[in-house]
Structures are given as C-alpha cells and as structure tokens.
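Trainee: Here it is: the structure, laid out below.
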Amino acid sequence: MSYVAARGGEQAIEQSERLYRERLGTIDATRVDAIARSLPWLVDRIMGEASLYAPRLAALALAQSGGDLYEAVLLLRAWRTTQPRLAVAEPLRQDKLFTHRRISAAFKDIPGGQILGPTLDYSHRILRTDILDGAGLEPEPVEMSPEPAPPHQPSLASWQKAQGLVVDFERQDVPKQDIPDLTREPLLFPAGRAHRLQSLARADTGGLMALGYAVMRGYGPSHPTVNELRLVEADVEISHPRGTVFSAGRVRVSQAEVASKAGAETIDLGFCATLGWNEVKIIAGGTLDLNEPHATKGSPFEEEFFLSHTEPVEGAGFCQHFKLPHYVTFQSTLDAMRDARRKQAEMASQAAAEEPAE
Amino acid sequence: MSLIEAPSFKRDLDAPKLNRTQPILTMHGISHRFGDVRALQDVDVTVYAGEVLGIVGESGSGKSTLLRMMNLEEKPDQGDYRLAIPGATANLFALDRFARRMLRARHIGIVYQNPHLGLLMRNSSSGNVAERLLISGERRFSALRSRGRQALDASEFPTERMDAPPIELSGGMQQRVQLAKAIALEPALLLLDEPTTGLDVSVQALVLDTLKRLQRERAITMVLVSHDLGVIRTMADRVMVMRKGRVVEEGLADQIFQDPQHPYTQSLVHAKL
Amino acid sequence: MKKLSQLTLPSQLMSYGFLDPSAKRELRRKLLKAIAIPGCQIPYASREVPMARGWGTGGLQVTLTLLNSSSVVKVIDQGADDGVNAASIRRFLAKVSGARETTDTCKATIIQSRHRVPEEIMREDQILVLQVPEPEPLRPVEHHISAARQMHADANYARLWLILYEQMVRTGRIMQATEYPSLVNGRYVMSPSPIPRWDVPKLHMARHLTLLSAGREKRLYAVPPFTRVEPLAFSDVPYRVEDHAHLTCSRSGLKGFFMNEIPKDDGGSHFELSDSGFCEKTLRRAAGEDVSIGATWYRNGVMS
C-alpha cells in the first residue's frame, strides 16, 4: 500500500505517531523539570527561537518532541500565537539590567569593568568519560570575591557616544501600542529596524551562525569586534492603568553590540538581542546587522535574504513538506515532457526524410 | 490613462524623417550633485531629428550621467527634458515612474558598453529582442520570431544563431544583440554608451559600420557617448565636449576637430591627432 | 470592588476554531481586501498553527477563520480525500470547530485543497481554499520580494511572457506544467497554486469563490465569483491542458478527466481518476447505491 492514497489514512497516521512516541516513553512533570534543571542553555536557545519566555513550557516542548529542536520551537510558537497580548512592557535600559556577564573585546578595560560571569570560554573541553564509569561531577563551590561586582553597569556605547566615536540613532518616540510586532504582522521588505531586530531575535541559531560566520570569513566587508556582550536578567516592567510601574518578573536576555570602523571618524555598531542566554546567536546576528548596509545586492547578506532564510519554523517546515506527495505536479510535468519529446522526434524524422539521398 | 494599457505614443511615420531643424530632444538647465560632487552643472542639450550627436569627455565629465538621464534611468536635481514624440508634451522628469518606464521601453533604445547591463545573458538572443516587443504588447509568437529576426538581421547578427544565449557569443555579437533590442521598436532616440569600447579594433570598425549603415538607411537619431575621439569622429554630425559636469564646447564635428576653440578641446584633439 | 475573575472571561484551553480572535479578525480583513482586489497578493501575519509550515498552514488559517459549526468540510491532497495529510487536516478542522466532514464535493460548504480543483462544478454557496507553497509568480525571474511587488504595481509581466517564449524556442511547446501564471480580472498575474493546467480554466468565471493562501510566505489572494482568469498564452499558440482526455480510469471506467498514472510491474501503466471523491461516488452508484453526482466542468474530455 502506497502512502499517497493510503486507504484508511487515519489509521496509518495514528500508528506512525504511536511508533514515534513509543521511543520517548512516559513523559511526566518529573522529566520536564529534570530537563529544565539540567539543560538550561538548551531551554534558553529554544525560548529565543520561539520568542516565548517560559522555561517550563520550553522544557515541556523539549520533552514532548524528544529533543527535535525544530519540533520544539514549532510547539512553542503554535502555543504562543494563541495567547492574548495583555500588555506591552517598558523598554529595557542598559544601566538597569541585572548583569551576570559583560565583556568587551574593543578595550582592555571599560567603565564598570569586564565581568566574566558564567562561561566555559576558558575551560578545557575534556569529555569526562569517568562519569560513565560511576564517578560524579560535583561542581566546585564558587569563591565569593571580597568586593561584589556592581549589579548594574553603564553601557559602553553611551561612553562612545559621549566621546563622539559612535553616532547615536535618531530617537523615535513611538507609543508602546504602536511598536511594530512581528508576531502579529508580516515581515515586509525593506523591513523596519524593529522588525529586523525582532526577526533576528527569533531566528534559528544555526542559520544565523552560518551566515554570520560567512560575513566574518570575508564574504562581507565588515570584520566585527565585540564591542559589548551581555548576559543579563531584565525586569519585565508593566505599567498599571493607574500609573504605577511594577515588575512582573525577570527574564534572561542576551545582547551583543559588534563594532566595525566604517569611516575614518566614527564606529558603526550592529546589534542583536534575544530571550535566553545564547552568545553565538547574538554575535552572528549582530554581525549580519552591522554588515547589512554594505551588503552587495543579491548577496545572502542582504536583509531580505538572511531574515527570510533563518526563520526556523518556515525553513524546517518547507524542508519537511517535500515528503508530501507531489504526483499531480509530477504528472503534469510528465505530460509536457512526453509531448516535447514526441515533437522533437517528429522534427528529427522529418529532417532525416528531407535530407537528400547521397 | 489606464494602468494596464500602455500610453500610446504612436510615432507619426509620415513626418519628414530628415528635418534636421526639428529638435527631437531638448534638455534644459540640467544640474545634479552626487554628495559634494557637482556631476552636472546647468547643461543644455538639443538633438535634431536624424542627426548623431557625439558627447566626448574624460571619465567623470558627466557624460554617462547625462546619458542615463536621457534614458530616464536617473532624475537630475534640476532640469527639464522633452522629447518630440506625439503625446509626450510635459517635462519627462515630471512623469511618474510607470509612465517613464513605458516611454523608455517604447521610444528610447540604448546600447551599453557592458552587455550585462543591457542583456539577459542566459536567455536566447532572440528572446532578448522579444522582451522589448513583449513590453510593447506583442502577443503573437510568430510575430515575436519574425520581428526579432528582422531586428537581429538589421543589426547584422547572423540569424541562424538567433537562439544562442549572449553568454556564448563574442563581445561584438553581444553588442549586435543589444543593438537589435534597441532598434526593435524603431525608437525615436537611440542612445549609445561607449558601444564599442573594449572590443578589438577590427570588430569595433565592423560594429561602427553597422551603426553608420542603420543611421543612413533609417535616419535614426542617435546620441553617442565616448571617450574615444576616433569613434566620435567616425560617427558624429555634431559634437559636445564635456568637462567636470559642464559643456565646454559644442559645434559641428568638422569644426570641432579642425578648429577647436576651447583650450581643453584643443588639448584633446591634439593629443589624439 | 469587582474580583479579577468577574472581570475576565472563563479561561479556555483553546479558542473556538483554534485561532484566537485577533488572528481571525486580521484574516477576515485581509480576505475582504483580497476579494476586493482580485489576484493581488495581500500580506498577512500568518500565525503558527499546530502543523509544520508547507503542510497547508496557509489554507488551514483561512479555513479555520471561515468555519462554523454548521459547515461541511472536505479536504483533498493531490485530488485524494484519504491522503494522510488531507485526513489529518480534516480531522483537525472538525475537532476544533464541530464542522461535519465529507468527501463529497457537492455536499461540502468549504473545500480545502492541495494542488487540485474537484471535477464536479462548484456552486455559489461553496468556497474553495487552495493551499499555496509559492504565491509569487514572478519568483523565477525576480528573487527580491520588494522588486517583484514593484513589478506587480507596474503590471510589468514581460519577463513571465519571456519564460514562455524561451520554452517555445527550446522545445517547441510551453513546458510550464503546474502553477501556470494566469491574469486575474485583466490586472494581476497570480500563481493559481500547483494545480495542473487541466484545472486552471475551472477558475475562470466560476460561480464559487476561490481563496488562495500561503502560510509560509504570508500572502493570500482571491478569485471572486465570475472573475476572469486567463492563463498567459500567445495569441497564436493556444493554451493546452494535459493530454488526459482520452485516458480511462481503471477503477471507475470513467474517461475524460485528470488521471494519476500508476506504473505497472510489466513496464506499462494504468490510470486512475485523480479526484478520489468523484471516483468513489461513481463506484458506489455502479454498485447500485443512490448517489447524486454533480455536473462536471469537463464533458467528454472537453471544458464546457
């Protein structure tokens, strides 16, 4: 029985899904919590791509999809889109972010200081096979520094702006309700800045990495320097109809500014931020943003190209859809092809007949 | 004007073709800046029916910018542009984008130095000519074939190769395809932007011969831009000398070449001779 | 003072018809706009739905917006009601809306379809929703969406005609198989979705409303009832549908409709009606059941 016109298709669908789920076994709250606890970076990555900050739901999506990331993102996105938009939060201000990690590659030291925070950047990547033999990997306790780092830091860019090194963006005063929202509007080109940054924020990590990396390797003119990279917790501040502003909770956010020397006098900055902590994504995204104004027409580094093709739900879905039957299309092509062949054969035999005999 | 029906600027075919006192093209007070650079400063141009106007000047003189404006690809900061074609009485720069596009497609032909700018390199050569005819509304396949063949033939392109893509052709042949495309709709104005630059001298001479023959037989009004005085001398009836965005001298070709007045023209002519 | 629970509606696990009201409102507005400008692609937000992009999410959003509990819904994939994806979509539609399911074209109020228009003539009270993978007919000649939009605004379709010209030159015939570019109401060229050429004439001056929706590409467009749909064709090279008029269905014995070719072990092939609902009804009538079969667009293999 072929899958295309399978009689009793419903039965087949049901059983194929069972086969898949059988491999995952029982999924319960314990498993979900274990995922949330043990895979925070993966949970962060999924939350960013889903543009939904909900660690427990993200862990649930990972459990339910057995770790197929595109499936997990689709689950979260499809859930997210049915939720009402209750309020628009206050804009984040750099100097109010609770900063865990903040580094700049552009200066040896920066106002507020370099803060390494949690990172594996300098560790030796050795696979601890002894764990498989029964050893445990207990994290060594963090030694408190005598002077705690300040929770808030000024942004490096504001220092650079004060120095006249960076040209400030023109400020736009947009009522909060009118801020463009990519989850409720189509992405059109040329995209507004808001749409571009939102699209980067929910882009596929691997896709951004590939294209950002291509720019860095010299396919784009901009060679990036990490001006400032931050892993922070941000208060989601909502203003009550009576006017009081309150925090509805904290979300992990990562943001990167990458710099390049555009002219002789000023530094250009590219920017990318996303929900969750995901450093590779924001460095790549910031690089693409930085490079875009100089991108060659028709190149993958034009906004229309890289935003269209790093959309994880659309890209993954379209790849998958080629498994659907396409036999009507194929039949129609076949018809034209056979007729064209017939025509060419006729023409050839005619030509042969007209050839004078030697 | 309906959006779909292309504006109909039918050429009056009974009009005397060689009335050289009748201006076809008039540009007045063209000025344009690129940033701080004054690309064109108060340039006036008149081109009469059936003549060949040559524009010479070194690179950066503004001659190519001026030609792009004649082709309505670019608008100047200031200036007025009129073509003597029935139905088009206004300043062409004031037309909307759609009307400009239709007018360009029907009444102006252009041959670029770089064939990539003028041709779809992977389509057939005849298809490149057909595109022009399609824009003008031709929907008969047989007519696309015959009119395409005629235009290629008139450009002295070997018609047995009419379906070869330009990418497989030599530089001279590519210019002939561009030319066929440009003349397919019998344009009121044919613009030539360094049409033979970069070709071998022998090929260059053949292409110029074709242009001259077309000019003689069809009395096509042409504007030829070149940095090559030899080409200008072969082709042009009148010459305009440009430098740094200004017209420094203008006159009949013989006069310019034998008795240049402006010191810059003198240096050009003497360097060449 | 009121309690919070008095200020809000009771919480529901899922909105009626799955999509939340703000998404449906947007879709209704965009659908009206699409109907007002036949063939013009209207961008819409295109929400994620519980199905992968490319699997009919565009059609699904339109159908979900139009469905109500009295609807009768038919879903076809490549002509078949029982293809796995068609069955899955139909099951989902019925589950979230309470609509009835059918495989009978005549009984449906909404037909969501991938790549086919049914053979039986559709009526004024029926809506056809076509799933569209690629809404932009200009994509083969212009990758940039922004530039393509400009070309539509200018009705600049010479490059599409040129594709047909090149096919004629190379092979002596038009090779465009499905997604045949067609001029709607004399203004916009649309892609009729990958329906075969056989089906394009059915959209011309049809009694029913056709809605076309691409979820991944976030565009929808419409062919309102009694609207001209003209496949691009040279005036001296007539538009040709697939050469299926003489083929006979090995199951139903019917002749003169679009067929699926089924390769046989002996190297030959036999044919089956592509419209499975129509085939089913014919078989049931032959078995003596009282089945009503609608008039068909094609009679004796000729479009009537």
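How things are named: the first chain in the structure tokens is A, the next is B, and so on; residues count from 1 in each chain; ligands count from 1 in the order shown.
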What are the residues of chain C lining chain A at 6 Å or less? Count only C-alpha atoms, and put the answer as a list in words.

Mentor: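 Going by the stated atoms only, the list reads Asp20, Tyr44, Ala45, Glu48, Val49, Pro50, Ala52, Arg53, Gly54, Trp55, Gln78, Asp82, Gly83, Val84, Ser146, Thr171, Met175, Ala177, Thr178, Pro196 and Arg216 of chain C.
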
Trainee: Return as a list of chain:residue names the residues belonging to chain B that are within 8 Å of chain C, counting only C-alpha atoms.

Mentor: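 Residues of chain B within 8 Å of chain C, counting only C-alpha atoms: B:Leu3, B:Ile4, B:Phe98, B:Asn123, B:Ser124, B:Gly127, B:Ala130, B:Glu131, B:Leu134, B:Ile135, B:Arg139, B:Arg140, B:Phe141, B:Ser142, B:Asp163.
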
Trainee: Might you pull out every residue within 12 Å of segment 31-41 of chain B, with only C-alpha atoms counted and same-chain residues fewer than 4 positions away left off, and present them as a PDB file with C-alpha atoms, in the first residue's frame?

Mentor:
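Written file, around-v2.pdb:
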ATOM      1  CA  MET B  27      17.239  69.231 -22.274  1.00  0.00           C
ATOM      2  CA  SER B  59      35.665  59.857 -17.155  1.00  0.00           C
ATOM      3  CA  GLY B  60      33.991  61.964 -14.513  1.00  0.00           C
ATOM      4  CA  SER B  61      32.990  64.606 -17.045  1.00  0.00           C
ATOM      5  CA  GLY B  62      29.314  63.774 -16.519  1.00  0.00           C
ATOM      6  CA  LYS B  63      28.679  62.385 -19.994  1.00  0.00           C
ATOM      7  CA  SER B  64      27.430  58.976 -18.827  1.00  0.00           C
ATOM      8  CA  THR B  65      25.250  60.523 -16.129  1.00  0.00           C
ATOM      9  CA  LEU B  66      23.709  62.722 -18.777  1.00  0.00           C
ATOM     10  CA  LEU B  67      23.030  59.685 -20.958  1.00  0.00           C
ATOM     11  CA  MET B  69      19.118  60.843 -17.659  1.00  0.00           C
ATOM     12  CA  GLU B  74      18.009  58.819 -13.318  1.00  0.00           C
ATOM     13  CA  LYS B  75      16.447  62.168 -12.465  1.00  0.00           C
ATOM     14  CA  PRO B  76      18.533  65.318 -12.051  1.00  0.00           C
ATOM     15  CA  ASP B  77      18.178  67.690  -9.115  1.00  0.00           C
ATOM     16  CA  GLN B  78      17.068  70.323 -11.589  1.00  0.00           C
ATOM     17  CA  GLY B  79      16.222  70.498 -15.246  1.00  0.00           C
ATOM     18  CA  ASP B  80      13.729  69.947 -17.974  1.00  0.00           C
ATOM     19  CA  TYR B  81      13.625  67.155 -20.574  1.00  0.00           C
ATOM     20  CA  MET B 242      32.151  67.973 -21.571  1.00  0.00           C
ATOM     21  CA  ARG B 243      34.421  68.557 -18.658  1.00  0.00           C
ATOM     22  CA  LYS B 244      33.685  68.434 -14.927  1.00  0.00           C
ATOM     23  CA  GLY B 245      29.944  68.497 -15.442  1.00  0.00           C
ATOM     24  CA  ARG B 246      29.889  71.375 -17.889  1.00  0.00           C
ATOM     25  CA  VAL B 247      29.675  71.710 -21.662  1.00  0.00           C
ATOM     26  CA  VAL B 248      32.876  73.476 -22.681  1.00  0.00           C
TER      27      VAL B 248
END

Trainee: I want to know what sits within 7 Å of Ser97 of chain C, based on only C-alpha atoms, with residues of the same chain fewer than 2 positions away left out; could you give that as number ranges by chain?

Mentor: C: 16-17, 67-69, 93-95, 99

Trainee: Emit the selected residues as a compact mmCIF listing (two decimals), in the first residue's frame, including C-alpha atoms.

Mentor:
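Final output, saved to out-v4.txt:
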# COMPACT_ATOMS: atom_id res chain seq x y z
CA TYR C 16 -13.09 28.17 19.06
CA GLY C 17 -11.60 27.17 15.74
CA LEU C 67 -15.60 27.53 9.58
CA ASN C 68 -18.57 27.40 11.88
CA SER C 69 -20.38 24.51 13.45
CA LEU C 93 -10.72 21.08 11.35
CA ALA C 94 -13.65 19.01 12.59
CA LYS C 95 -12.19 18.67 16.07
CA ALA C 99 -17.93 21.06 11.50

Trainee: Which residue is closest to Ser146 of chain B? Choose from B:Met70, B:Leu133, B:Val241, B:Leu120 and count only C-alpha atoms.

Mentor: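 So, comparing all the options, the nearest one is B:Leu133.
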
Trainee: Which of segment 2-195 of chain A counts as strand (DSSP E or B) under DSSP, as a list of chain:residue names please?

Mentor: A:Phe98, A:Thr99, A:His100, A:Arg101, A:Arg102, A:Ile103, A:Ile115, A:Val166

Trainee: Applying 8 Å and only C-alpha atoms, which residues near Arg196 of chain A remain after dropping the ones on its own chain fewer than 5 positions away? List them as number ranges by chain.

Mentor: A: 191, 303, 307

Trainee: Write the residues of the preceding selection, restricted to C-alpha atoms, as a tab-separated table (two decimals), in the first residue's frame.

Mentor:
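The new file result-v6.tsv reads:
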chain	number	residue	atom	x	y	z
A	191	ALA	CA	12.00	45.82	6.96
A	303	GLU	CA	18.34	41.66	4.99
A	307	LEU	CA	15.88	37.21	7.56

Trainee: State, in Å with one decimal place, the distance from atom CA of Thr65 of chain C to atom CA of Ala201 of chain A.

Mentor: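 Taking atom CA of Thr65 of chain C as the start and atom CA of Ala201 of chain A as the end point, the length is 29.0 Å.
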
Trainee: Applying 9 Å and only C-alpha atoms, which residues near Leu211 of chain A remain after dropping the ones on its own chain fewer than 3 positions away? List them as a list in words.

Mentor: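 Once the adjacent positions are removed, what remains is Gly206, Gly207, Leu208, Ala214, Val215, Met216, Ala284, Gly285, Leu288, Pro300, Phe301, Phe306 and Thr310 of chain A.
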
Trainee: Can you tell me, as a tab-separated table (two decimals) with C-alpha atoms, in the first residue's frame, which residues in segment 51-227 of chain B count as alpha helix (DSSP H) by DSSP?

Mentor:
chain	number	residue	atom	x	y	z
B	63	LYS	CA	28.68	62.38	-19.99
B	64	SER	CA	27.43	58.98	-18.83
B	65	THR	CA	25.25	60.52	-16.13
B	66	LEU	CA	23.71	62.72	-18.78
B	67	LEU	CA	23.03	59.68	-20.96
B	68	ARG	CA	21.37	57.83	-18.09
B	69	MET	CA	19.12	60.84	-17.66
B	70	MET	CA	18.25	60.81	-21.36
B	97	ARG	CA	7.70	56.09	-12.68
B	98	PHE	CA	5.29	53.95	-14.66
B	99	ALA	CA	4.88	56.46	-17.49
B	100	ARG	CA	8.66	56.92	-17.62
B	101	ARG	CA	9.15	53.19	-17.87
B	102	MET	CA	6.63	52.82	-20.69
B	103	LEU	CA	8.08	55.75	-22.56
B	104	ARG	CA	11.59	54.41	-22.22
B	105	ALA	CA	10.52	50.97	-23.37
B	106	ARG	CA	8.77	52.24	-26.49
B	107	HIS	CA	10.69	55.25	-27.65
B	115	PRO	CA	26.40	43.94	-22.28
B	116	HIS	CA	25.46	42.59	-18.84
B	117	LEU	CA	23.58	45.82	-18.22
B	118	GLY	CA	21.52	45.52	-21.35
B	125	SER	CA	19.44	36.32	-28.13
B	126	SER	CA	16.10	36.44	-29.91
B	127	GLY	CA	14.41	36.35	-26.50
B	128	ASN	CA	16.28	39.48	-25.51
B	129	VAL	CA	14.80	41.23	-28.52
B	130	ALA	CA	11.42	39.62	-27.87
B	131	GLU	CA	11.31	41.08	-24.36
B	132	ARG	CA	11.22	44.55	-25.89
B	133	LEU	CA	8.37	43.55	-28.18
B	134	LEU	CA	6.53	41.91	-25.28
B	135	ILE	CA	6.68	45.11	-23.25
B	141	PHE	CA	4.65	34.11	-31.00
B	142	SER	CA	5.13	34.07	-34.77
B	143	ALA	CA	5.43	37.86	-34.83
B	144	LEU	CA	7.92	37.79	-31.96
B	145	ARG	CA	10.01	35.40	-34.04
B	146	SER	CA	9.79	37.34	-37.30
B	147	ARG	CA	10.20	40.79	-35.81
B	148	GLY	CA	13.05	39.56	-33.64
B	149	ARG	CA	14.77	38.05	-36.67
B	150	GLN	CA	14.34	41.27	-38.64
B	151	ALA	CA	15.87	43.38	-35.89
B	152	LEU	CA	18.81	41.00	-35.49
B	153	ASP	CA	19.28	40.91	-39.23
B	154	ALA	CA	19.27	44.70	-39.41
B	171	GLY	CA	31.71	40.77	-27.40
B	172	GLY	CA	30.95	42.17	-30.84
B	173	MET	CA	27.98	39.83	-31.27
B	174	GLN	CA	26.67	40.76	-27.85
B	175	GLN	CA	26.70	44.41	-28.90
B	176	ARG	CA	24.74	43.48	-32.01
B	177	VAL	CA	22.10	41.79	-29.86
B	178	GLN	CA	21.89	44.91	-27.72
B	179	LEU	CA	21.55	46.97	-30.88
B	180	ALA	CA	18.79	44.72	-32.24
B	181	LYS	CA	16.95	45.02	-28.96
B	182	ALA	CA	17.38	48.79	-29.01
B	183	ILE	CA	16.04	49.27	-32.54
B	201	VAL	CA	39.82	47.37	-33.27
B	202	SER	CA	38.67	45.27	-36.24
B	203	VAL	CA	35.43	44.28	-34.51
B	204	GLN	CA	34.93	47.84	-33.42
B	205	ALA	CA	35.11	49.00	-37.05
B	206	LEU	CA	32.51	46.44	-38.11
B	207	VAL	CA	30.08	47.45	-35.38
B	208	LEU	CA	30.55	51.12	-36.27
B	209	ASP	CA	29.87	50.26	-39.92
B	210	THR	CA	26.59	48.68	-38.92
B	211	LEU	CA	25.65	51.74	-36.87
B	212	LYS	CA	26.50	54.02	-39.77
B	213	ARG	CA	24.50	51.94	-42.19
B	214	LEU	CA	21.48	51.94	-39.87
B	215	GLN	CA	21.81	55.66	-39.44
B	216	ARG	CA	21.97	56.21	-43.18
B	217	GLU	CA	19.11	53.88	-44.06
B	218	ARG	CA	16.77	54.62	-41.23

Trainee: Which of these residues is nearest to Cys249 of chain C, using only C-alpha atoms: C:Lys264, C:Lys33, C:His270, C:Arg285?

Mentor: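 Of C:Lys264, C:Lys33, C:His270, C:Arg285, the one nearest Cys249 of chain C is C:His270, counting only C-alpha atoms.
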
Trainee: Please, what distance in Å, to one decimal, runs between atom CA of Lys96 of chain A and atom CA of Val280 of chain A?

Mentor: 23.8 Å

Trainee: Hey, what's within 9 Å of Leu25 of chain B if we count only C-alpha atoms and toss same-chain stuff fewer than 5 positions away? As a VMD selection string, please?

Mentor: chain B and resid 45 to 49 70 81 to 84 189

Trainee: Could you jot down the atom CA of Phe169 of chain A to atom CA of Ser247 of chain A separation for me, Å, one decimal place?

Mentor: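 We find that atom CA of Phe169 of chain A and atom CA of Ser247 of chain A lie 27.6 Å from each other.
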